[in-house]
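What follows is the content of input_29.cif, which has mmCIF, C-alpha atoms:
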data_coords
loop_
_atom_site.group_PDB
_atom_site.id
_atom_site.type_symbol
_atom_site.label_atom_id
_atom_site.label_comp_id
_atom_site.auth_asym_id
_atom_site.auth_seq_id
_atom_site.Cartn_x
_atom_site.Cartn_y
_atom_site.Cartn_z
ATOM 1 C CA MET F 1 -3.425 -0.969 -10.442
ATOM 2 C CA ARG F 2 -4.043 -3.281 -7.514
ATOM 3 C CA ILE F 3 -3.096 -1.516 -4.304
ATOM 4 C CA ILE F 4 -3.088 -2.648 -0.689
ATOM 5 C CA VAL F 5 -3.838 0.117 1.801
ATOM 6 C CA VAL F 6 -2.869 -0.672 5.385
ATOM 7 C CA SER F 7 -5.931 0.608 7.184
ATOM 8 C CA GLU F 8 -7.379 1.362 10.612
ATOM 9 C CA GLY F 9 -10.874 0.457 9.362
ATOM 10 C CA GLU F 10 -12.895 -1.244 6.676
ATOM 11 C CA SER F 11 -13.732 1.645 4.333
ATOM 12 C CA LEU F 12 -11.996 4.127 2.053
ATOM 13 C CA ASP F 13 -12.821 6.789 4.672
ATOM 14 C CA SER F 14 -10.672 4.945 7.230
ATOM 15 C CA TYR F 15 -7.277 6.329 8.095
ATOM 16 C CA VAL F 16 -4.093 4.713 6.874
ATOM 17 C CA ALA F 17 -2.535 2.758 9.738
ATOM 18 C CA ASP F 18 0.844 3.697 11.158
ATOM 19 C CA ASP F 19 1.816 0.120 12.047
ATOM 20 C CA PHE F 20 2.104 -2.165 9.018
ATOM 21 C CA GLY F 21 2.263 -5.476 10.858
ATOM 22 C CA HIS F 22 -0.326 -4.729 13.527
ATOM 23 C CA ALA F 23 -2.945 -2.843 11.499
ATOM 24 C CA PRO F 24 -6.474 -4.215 11.909
ATOM 25 C CA CYS F 25 -7.052 -4.701 8.209
ATOM 26 C CA PHE F 26 -5.970 -4.100 4.644
ATOM 27 C CA LEU F 27 -7.988 -2.770 1.761
ATOM 28 C CA LEU F 28 -7.300 -4.382 -1.601
ATOM 29 C CA VAL F 29 -8.223 -1.572 -3.982
ATOM 30 C CA ASP F 30 -8.560 -1.270 -7.757
ATOM 31 C CA SER F 31 -7.117 2.195 -8.342
ATOM 32 C CA ASP F 32 -9.201 2.775 -11.495
ATOM 33 C CA THR F 33 -12.613 2.086 -9.978
ATOM 34 C CA LEU F 34 -11.891 2.328 -6.217
ATOM 35 C CA ASP F 35 -13.680 -0.994 -5.793
ATOM 36 C CA TYR F 36 -12.171 -2.758 -2.815
ATOM 37 C CA SER F 37 -12.302 -5.771 -0.576
ATOM 38 C CA VAL F 38 -11.345 -5.969 3.082
ATOM 39 C CA ILE F 39 -8.712 -8.371 4.362
ATOM 40 C CA VAL F 40 -8.581 -8.839 8.131
ATOM 41 C CA ASN F 41 -5.010 -8.935 9.456
ATOM 42 C CA GLU F 42 -4.656 -12.352 11.065
ATOM 43 C CA PHE F 43 -1.185 -11.371 12.333
ATOM 44 C CA MET F 44 -2.375 -8.219 14.137
ATOM 45 C CA ASP F 45 -1.873 -9.662 17.628
ATOM 46 C CA SER F 46 1.434 -11.419 16.924
ATOM 47 C CA GLU F 47 4.164 -10.475 19.343
ATOM 48 C CA GLN F 48 7.032 -10.937 16.885
ATOM 49 C CA GLY F 49 7.441 -11.001 13.144
ATOM 50 C CA ALA F 50 4.035 -9.550 12.273
ATOM 51 C CA GLY F 51 5.454 -7.194 9.644
ATOM 52 C CA MET F 52 7.343 -9.931 7.835
ATOM 53 C CA ALA F 53 4.352 -12.293 7.958
ATOM 54 C CA VAL F 54 2.063 -9.586 6.575
ATOM 55 C CA ALA F 55 4.574 -8.699 3.847
ATOM 56 C CA ARG F 56 4.769 -12.341 2.743
ATOM 57 C CA ALA F 57 0.972 -12.618 2.702
ATOM 58 C CA ILE F 58 0.646 -9.420 0.652
ATOM 59 C CA ALA F 59 3.368 -10.547 -1.768
ATOM 60 C CA SER F 60 1.256 -13.618 -2.555
ATOM 61 C CA LEU F 61 -1.681 -11.399 -3.599
ATOM 62 C CA LYS F 62 0.011 -10.115 -6.772
ATOM 63 C CA VAL F 63 -0.495 -6.428 -6.035
ATOM 64 C CA ASP F 64 1.366 -3.502 -7.573
ATOM 65 C CA ALA F 65 1.759 -1.261 -4.527
ATOM 66 C CA VAL F 66 1.330 -0.948 -0.770
ATOM 67 C CA ILE F 67 0.350 2.275 0.980
ATOM 68 C CA THR F 68 1.142 2.451 4.692
ATOM 69 C CA GLY F 69 1.947 4.864 7.463
ATOM 70 C CA GLY F 70 4.959 2.954 8.725
ATOM 71 C CA ILE F 71 6.810 -0.236 7.848
ATOM 72 C CA GLY F 72 10.032 -1.869 8.959
ATOM 73 C CA MET F 73 12.997 -2.598 6.740
ATOM 74 C CA HIS F 74 12.318 -6.358 6.584
ATOM 75 C CA GLY F 75 8.765 -5.799 5.374
ATOM 76 C CA VAL F 76 9.965 -3.316 2.749
ATOM 77 C CA GLN F 77 12.600 -5.766 1.559
ATOM 78 C CA ILE F 78 10.112 -8.634 1.186
ATOM 79 C CA LEU F 79 7.667 -6.454 -0.752
ATOM 80 C CA ARG F 80 10.297 -4.900 -3.034
ATOM 81 C CA GLU F 81 11.774 -8.312 -3.819
ATOM 82 C CA ALA F 82 8.265 -9.290 -4.934
ATOM 83 C CA GLY F 83 8.218 -6.277 -7.285
ATOM 84 C CA ILE F 84 5.769 -4.293 -5.147
ATOM 85 C CA ASP F 85 6.164 -0.528 -4.794
ATOM 86 C CA VAL F 86 6.022 0.628 -1.165
ATOM 87 C CA SER F 87 4.741 4.091 -0.268
ATOM 88 C CA SER F 88 5.263 4.732 3.441
ATOM 89 C CA ASP F 89 4.871 7.725 5.739
ATOM 90 C CA GLU F 90 1.376 8.191 4.322
ATOM 91 C CA GLU F 91 -1.207 10.148 6.324
ATOM 92 C CA GLY F 92 -4.918 10.658 5.746
ATOM 93 C CA THR F 93 -7.772 8.478 4.610
ATOM 94 C CA ALA F 94 -7.261 5.485 2.370
ATOM 95 C CA GLU F 95 -8.969 7.251 -0.531
ATOM 96 C CA GLU F 96 -6.898 10.427 -0.149
ATOM 97 C CA CYS F 97 -3.677 8.435 -0.061
ATOM 98 C CA ILE F 98 -4.631 6.370 -3.110
ATOM 99 C CA ARG F 99 -5.390 9.510 -5.124
ATOM 100 C CA ASP F 100 -2.113 11.142 -4.006
ATOM 101 C CA TYR F 101 -0.163 7.992 -4.832
ATOM 102 C CA MET F 102 -1.715 7.722 -8.300
ATOM 103 C CA ARG F 103 -0.882 11.376 -9.021
ATOM 104 C CA ARG F 104 2.748 10.680 -8.122
ATOM 105 C CA VAL F 105 2.789 7.558 -10.308
ATOM 106 C CA GLU F 106 1.391 9.486 -13.288
ATOM 107 C CA ARG F 107 3.889 12.307 -12.782
ATOM 108 C CA ARG F 108 6.762 9.793 -12.639
ATOM 109 C CA ARG F 109 5.534 8.058 -15.812
ATOM 110 C CA LYS F 110 5.368 11.368 -17.691
ATOM 111 C CA PHE F 111 8.877 12.241 -16.565
ATOM 112 C CA GLU F 112 10.257 8.822 -17.509
ATOM 113 C CA ASN F 113 8.622 8.967 -20.956
ATOM 114 C CA GLN F 114 10.102 12.332 -21.919
ATOM 115 C CA PRO F 115 12.735 12.094 -24.646
ATOM 116 C CA SER F 116 16.243 12.829 -23.464
ATOM 117 C CA GLU F 117 18.159 15.584 -25.183
#
Could the structure of this file be written out as structure tokens, please?
Amino acid sequence: MRIIVVSEGESLDSYVADDFGHAPCFLLVDSDTLDYSVIVNEFMDSEQGAGMAVARAIASLKVDAVITGGIGMHGVQILREAGIDVSSDEEGTAEECIRDYMRRVERRRKFENQPSE
């Protein structure tokens, strides 16, 4: 899976940012290998509309999910319309949150693949 982690810093040890639109950077992570690249948030200092601008930029990256501490309803809507899963209210380091998210995804897949009685 390709995951964007809204981050306070440029490593997997950085904490997940609380503010989606004004976070300093984003980590584009391969969930299988934890290889990642850093994307600097060019909208970080915008006074208005940062969240929507960031959501549109992320939607163009063809990712599967976004992990963030907080996000507004317009950002969520843009991402979900692009088919991107949004996991908000996340706390901890980027790596911890990715591992937790992947555990939840696997659990959901197992549940969805169980035969109904």
When the PyMOL selection byres ((chain F and resi 7) around 12) is applied to the structure above, which residues does it catch, written out as a compact mmCIF listing (two decimals) with C-alpha atoms, in the coordinates of the input?
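The resulting file, expr25.txt, is reproduced below:
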# COMPACT_ATOMS: atom_id res chain seq x y z
CA ILE F 4 -3.09 -2.65 -0.69
CA VAL F 5 -3.84 0.12 1.80
CA VAL F 6 -2.87 -0.67 5.38
CA GLU F 8 -7.38 1.36 10.61
CA GLY F 9 -10.87 0.46 9.36
CA GLU F 10 -12.90 -1.24 6.68
CA SER F 11 -13.73 1.64 4.33
CA LEU F 12 -12.00 4.13 2.05
CA ASP F 13 -12.82 6.79 4.67
CA SER F 14 -10.67 4.94 7.23
CA TYR F 15 -7.28 6.33 8.10
CA VAL F 16 -4.09 4.71 6.87
CA ALA F 17 -2.54 2.76 9.74
CA ASP F 18 0.84 3.70 11.16
CA ASP F 19 1.82 0.12 12.05
CA PHE F 20 2.10 -2.16 9.02
CA GLY F 21 2.26 -5.48 10.86
CA HIS F 22 -0.33 -4.73 13.53
CA ALA F 23 -2.94 -2.84 11.50
CA PRO F 24 -6.47 -4.22 11.91
CA CYS F 25 -7.05 -4.70 8.21
CA PHE F 26 -5.97 -4.10 4.64
CA LEU F 27 -7.99 -2.77 1.76
CA LEU F 28 -7.30 -4.38 -1.60
CA VAL F 29 -8.22 -1.57 -3.98
CA SER F 37 -12.30 -5.77 -0.58
CA VAL F 38 -11.34 -5.97 3.08
CA ILE F 39 -8.71 -8.37 4.36
CA VAL F 40 -8.58 -8.84 8.13
CA ASN F 41 -5.01 -8.94 9.46
CA MET F 44 -2.38 -8.22 14.14
CA VAL F 66 1.33 -0.95 -0.77
CA ILE F 67 0.35 2.28 0.98
CA THR F 68 1.14 2.45 4.69
CA GLY F 69 1.95 4.86 7.46
CA GLY F 70 4.96 2.95 8.72
CA GLU F 90 1.38 8.19 4.32
CA GLU F 91 -1.21 10.15 6.32
CA GLY F 92 -4.92 10.66 5.75
CA THR F 93 -7.77 8.48 4.61
CA ALA F 94 -7.26 5.48 2.37
CA GLU F 95 -8.97 7.25 -0.53
CA CYS F 97 -3.68 8.44 -0.06
CA ILE F 98 -4.63 6.37 -3.11
Exercise. For atom CA of F:Arg104 and atom CA of F:Val76, determine how far apart the two atoms are, in Å to one decimal place.
Key: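 Rounded to one decimal, the two atoms are 19.1 Å apart.
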Quiz item: Mind telling me what the PyMOL selection byres ((chain F and resi 79) around 10) catches here, as a count of residues only?
Solution: 25
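The residues caught by the PyMOL selection byres ((chain F and resi 32) around 10) in this file are Met1, Arg2, Val29, Asp30, Ser31, Thr33, Leu34, Asp35 and Met102 of chain F.
The two atoms in question, atom CA of F:Gln48 and atom CA of F:Ser87, are spaced 22.9 Å apart.
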Please give the centre and size of the box around stretch 66-75 of chain F (axis-aligned, containing every atom listed in the file, 6 Å added per side), with values in Å to one decimal and written as AutoDock Vina command-line options.
--center_x 6.7 --center_y -0.7 --center_z 4.1 --size_x 24.6 --size_y 23.2 --size_z 21.7
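Reported to one decimal place, the separation of atom CA of F:Glu96 from atom CA of F:Gly49 is 29.0 Å.
Proximity ranking of F:Ser88, F:Asn113, F:Leu61, F:Ile71 relative to F:Tyr101 places F:Ser88 first, based on only C-alpha atoms.
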